[in-house]
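Only one structure is covered here, and it is reproduced in the block below.
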Amino acid sequence: MLRNDLTTTRAAAFDQRPRSFLPGKTARLPWFCLSLLAASLSLRAATTFYVDSDWTGTQSGSASQPWKYLSSSAWSAINSSLAGGSVTVYLSARDASSDSDDVYDNNGDGAQDGIDLSMRSDTGSGILTLDGNSKYNSSDSSPNWVSYSGHSKSRVRYLTAQNDSHRKYSNITIHGFHVVTTDGNKEIAICGDNWIVENCECEDTTSATDGPGPATISSSATTWCTIRRENPCISAVAG
Ligand SMILES: [Ca+2]
């Protein structure tokens with residue numbers, strides 16, 4: 001967006017030069033090229049959605065009307081947007097009233113829930129980024145999203161693309177989650193190409209029953225997977 005703004009600013013500044021200094025069609029060519037560039041950047045601009053499980057009002061995925069969780073209708077909107085480019089979904093990093101993890105909760109019981117990345121049906125090159133640490137909603141009654149640089153994170157039970165047919169779900173970035181697994185799911189199960197898992201904190205509780213932390217599913221089929229700056233990173237295996 002910044003590049004887009006800069007392009008617009010430069011174009012506006014260029015356009016303010018006296019017309020008498022611009023000889024005819026030749027002078028209009030740079031402006032035409034800048035317009036094409038601006039249009040191109042706009043078409044490739046990432047779509048942004050927001051999630052805060054504490055929100056109780058109308059849900060559209062916008063900043064002012066965030067989704068409570070990633071429902072099937074939310075995934076429909078995400079997949080539609082992925083068809084045209086990349087998508088970033090911000091999950092609130094902390095509670096509005098205290099600097100503590102914001103619990104991703106899809107059933108209202110106060111316990112963290114999982115995110116099923118196999119809901120990505122779009123198979124294009126758009127990057128789907130789930131970001132649980134860069135922004136938070138500072139008001140539960142009138143959503144207002146602000147940048148965040150602290151240690152709290154969206155707390156989820158697991159993130160998974162594991163599926164019985166080993167179908168790939170690719171071009172996915174997972175940034176800044178606190179994964180607290182309590183059941184038979186892996187903490188983060190990767191199945192696809194071009195994944196980045198970064199700045200996540202992963203742990204199992206005593207009730208968890210399935211293996212390691214981040215895991216790649218079907219190693220022979222998974223390429224360009226990066227896992228970095230995990231704390232703690234219990235283990236990473238190929239299965
Ligand atoms: Ca829950």
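Following the order of the structure tokens, chains are lettered A, B, ..., residues in each are numbered from 1, and ligands are numbered from 1.
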Please check which protein, DNA or RNA residues sit within 10 Å of ligand 1, counting only C-alpha atoms and all ligand atoms, and write them as a compact mmCIF listing (two decimals) with C-alpha atoms, in the first residue's frame.
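Contents of the output file part24.txt:
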# COMPACT_ATOMS: atom_id res chain seq x y z
CA SER A 53 -13.41 -13.73 19.03
CA VAL A 103 -8.05 -16.56 22.69
CA TYR A 104 -9.24 -17.69 19.28
CA ASP A 105 -12.55 -19.24 20.26
CA ASN A 106 -15.06 -20.54 17.75
CA ASN A 107 -17.67 -21.89 20.19
CA GLY A 108 -17.69 -19.39 23.03
CA ASP A 109 -16.41 -21.71 25.77
CA GLY A 110 -13.33 -19.61 26.47
CA ALA A 111 -10.91 -22.33 25.33
CA GLN A 112 -8.70 -21.90 22.31
CA ASP A 113 -9.72 -23.66 19.10
CA GLY A 114 -7.91 -24.88 16.01
CA VAL A 156 -4.97 -21.24 19.09
CA ARG A 157 -5.17 -24.97 19.78
Per residue of segment 111-213 of chain A within 9 Å of segment 78-97 of chain A, note the shortest atom pair and the distance in Å to one decimal, counting only C-alpha atoms, and order the rows by chain and increasing residue number, as CSV.
residue,atom,partner,partner_atom,distance
A:Met119,CA,A:Asn79,CA,8.6
A:Arg120,CA,A:Asn79,CA,6.3
A:Ser121,CA,A:Asn79,CA,6.3
A:Asp122,CA,A:Asn79,CA,5.4
A:Thr123,CA,A:Ala83,CA,8.2
A:Gly124,CA,A:Ala83,CA,6.5
A:Ser125,CA,A:Gly85,CA,7.6
A:Gly126,CA,A:Ser86,CA,4.2
A:Ile127,CA,A:Ser86,CA,4.6
A:Leu128,CA,A:Val87,CA,5.0
A:Thr129,CA,A:Thr88,CA,4.6
A:Leu130,CA,A:Val89,CA,4.9
A:Asp131,CA,A:Tyr90,CA,4.9
A:Gly132,CA,A:Leu91,CA,4.8
A:Asn133,CA,A:Ala93,CA,4.7
A:Ser134,CA,A:Ala93,CA,6.8
A:Lys135,CA,A:Ser92,CA,6.0
A:Tyr136,CA,A:Ser92,CA,4.1
A:Asn137,CA,A:Ser92,CA,5.7
A:Ser138,CA,A:Ala96,CA,4.4
A:Ser139,CA,A:Ala96,CA,5.5
A:Asp140,CA,A:Ala96,CA,6.5
A:Trp145,CA,A:Ser92,CA,8.3
A:Tyr148,CA,A:Ala93,CA,7.5
A:Gly150,CA,A:Ala93,CA,8.7
A:His151,CA,A:Ala93,CA,8.5
A:Ser152,CA,A:Arg94,CA,5.6
A:Lys153,CA,A:Ala93,CA,4.2
A:Ser154,CA,A:Ala93,CA,4.7
A:Arg155,CA,A:Ala93,CA,8.1
A:Gly176,CA,A:Ala93,CA,8.4
A:Phe177,CA,A:Ala93,CA,8.2
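What separates atom CA of Ala46 of chain A from atom CA of Glu187 of chain A is a distance of 27.4 Å.
Here atom CA of Ser118 of chain A stands at a distance of 10.6 Å from atom CA of Ala189 of chain A.
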- Å distance separating atom CA of Thr173 of chain A from atom CA of Ser98 of chain A, one decimal place: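 If I compute the distance from atom CA of Thr173 of chain A to atom CA of Ser98 of chain A, I get 27.0 Å.
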- Residues of segment 45-89 of chain A in helix (DSSP H, G or I) according to DSSP, as a PyMOL selection string? chain A and resi 72-82
Atoms kept (C-alpha atoms) for selection, written as a compact mmCIF listing (two decimals), in the first residue's frame:
# COMPACT_ATOMS: atom_id res chain seq x y z
CA SER A 72 -17.11 -21.46 6.27
CA SER A 73 -18.48 -18.12 5.06
CA ALA A 74 -15.29 -16.40 6.19
CA TRP A 75 -13.27 -18.94 4.24
CA SER A 76 -15.45 -18.30 1.19
CA ALA A 77 -14.50 -14.63 1.34
CA ILE A 78 -10.83 -15.51 1.84
CA ASN A 79 -10.83 -17.90 -1.10
CA SER A 80 -12.56 -15.39 -3.35
CA SER A 81 -9.93 -12.80 -2.49
CA LEU A 82 -7.07 -15.26 -2.95
